[in-house]
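Here's the structure, in structure tokens; my notes come after.
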Amino acid sequence: MSLFYGQKIWIMKTCSQPKVSVIIPAFNEENYIQQTLEALLLQDYRNFEIIITDNASTDRTAFIINQFIESNHKRGVPISLLHEAKRGTNFARECSRNAATGSIIAQLDADCIPAANWISKGVSHLCNHQKDVAITGPYDYFDGNKGLRIFSLITQKIFYPLVSQTVQLFNRGAILIGGNAFIRSEALAQIGGYNTTLTFYGDDVDLGKRLTRIGYVTYNPSLILLSSYRRYKAEGFWKVNKKYQVSFWNIVWQRNHLLPKMETSHPR
């Protein structure tokens with residue numbers, strides 16, 4: 001039963017400055033990972049660690065990350081680079097989760113640029129809403145076509161919150177944006193971590209649905225995160241959007257046999 005009905009209150013040991021573990025799956029991210037890490041070091045929240053899992057990259061991703069760690073080891077933010085040979089976003093996230101020490105897991109993709117208050121905003125919500133297990137929000141595709149960028153952002157800010165509230169009301173799941181989410185570590189452990197049978201499409205929908213079995217997932221339109229438009233450039237906006245929509249509704253209605261095939265080379 002969902003926390004929508006007041007099932008449980010999650011109490012963190014401290015809500016003054018709870019530790020956050022920012023986990024980042026990285027597969028062939030040499031063109032993006034450095035700007036993501038630079039943005040993280042500009043956060044106005046200080047009690048956090050960064051855990052990147054290199055998911056069997058074939059480019060200079062690991063080299064760039066190691067260089068960044070060496071150059072910024074005195075900045076006060078612990079940064080770890082792990083390696084996961086099994087390809088798939090959830091294999092990488094699960095690897096990071098197992099090494100995380102924070103009471104909050106912040107999911108971030110390697111092509112995103114968080115604002116300086118991204119972490120503090122997510123933490124503040126979970127501290128002030130003790131019944132919530134997670135908070136998520138929209139992407140703003142910073143390098144995309146202006147028209148589609150505006151269309152996508154408006155859709156995510158107006159339509160997504162309504163859909164997420166509705167499907168949670170009927171205990172069918174929730175919308176959770178995979179690279180822009182803050183989740184209580186205890187809740188994530190309670191549901192068994194990440195589902196590694198899903199490598200890309202449907203992984204965030206599956207996670208949101210499993211989390212709603214023990215708590216409420218808030219979709220906050222103001223928790224906006226800059227993200228790359230590259231997935232849509234690679235395959236076309238409407239084709240990729242259709243895959244996301246099919247994955248969402250199939251999982252919501254438990255039509256798992258209709259999910260798109262597993263993908264391990266798709267831009268993450």
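Residues are named by chain letter and number: chains run A, B, ... in the order of the structure tokens, numbers start at 1 in each chain, and ligands are numbered from 1 in the order shown.
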
Pick out the residues sitting within 7 Å of Leu108 in chain A, and hand them over as a compact mmCIF listing (two decimals) with C-alpha atoms, in the first residue's frame; count only C-alpha atoms, and ignore anything fewer than 2 positions along from it in its own chain.
# COMPACT_ATOMS: atom_id res chain seq x y z
CA VAL A 22 25.62 11.24 -5.75
CA ILE A 23 25.85 8.19 -8.00
CA ILE A 24 26.69 8.50 -11.69
CA ALA A 106 21.07 11.27 -5.57
CA ALA A 110 26.87 11.81 -16.73
CA CYS A 112 23.72 16.51 -16.80
CA GLY A 179 19.00 11.00 -13.80
CA ASN A 180 17.25 13.55 -11.60

Surrounding residues of Asn31 in chain A excluding itself and chain neighbours under 3 positions, 9 Å, only C-alpha atoms, as an MDAnalysis selection string: chainID A and resid 28 34:35 61 111

Neighbour list for range 229-236 of chain A as number ranges by chain, cut-off 6 Å, only C-alpha atoms, skip fewer than 3 positions in-chain: A: 141, 143-144, 239, 267

Could the residues in this selection be written to a file with C-alpha atoms, as a short mmCIF file (atom, residue, chain, number, x, y, z; two decimals), in the first residue's frame?
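In the end it all went to again.cif:
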data_model
loop_
_atom_site.label_atom_id
_atom_site.label_comp_id
_atom_site.auth_asym_id
_atom_site.auth_seq_id
_atom_site.Cartn_x
_atom_site.Cartn_y
_atom_site.Cartn_z
CA TYR A 141 17.61 19.77 -22.65
CA ASP A 143 21.67 21.52 -26.26
CA GLY A 144 18.40 20.69 -27.98
CA LYS A 239 11.01 7.59 -31.79
CA PRO A 267 23.44 7.02 -25.15
#

Shell around range 221-223 of chain A at 8 Å using only C-alpha atoms, local window under 4 positions removed, as a ChimeraX atom specification: /A:118,121-122,136-138,156-158,161

Atomic separation - CA of Asn55 in chain A relative to CA of Tyr219 in chain A, Å: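 Those two atoms sit 28.2 Å apart.
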
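Distance annotation: of A:Cys95, A:Val167, A:Ala62, A:Val123, the residue with the minimal separation from Ile183 in chain A is A:Val123; atom set is only C-alpha atoms.
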
Long-range neighbours of Phe142 in chain A as JSON, numbers by chain, 8 Å cut-off, only C-alpha atoms, 3 positions minimum in chain: {"A": [149, 226, 227, 228, 229]}

In range 9-258 of chain A, DSSP helix (DSSP H, G or I) residues written as a ChimeraX atom specification: /A:33-40,61-71,89-99,118-128,146-169,185-190,203-211,230-235,237-252,256-258
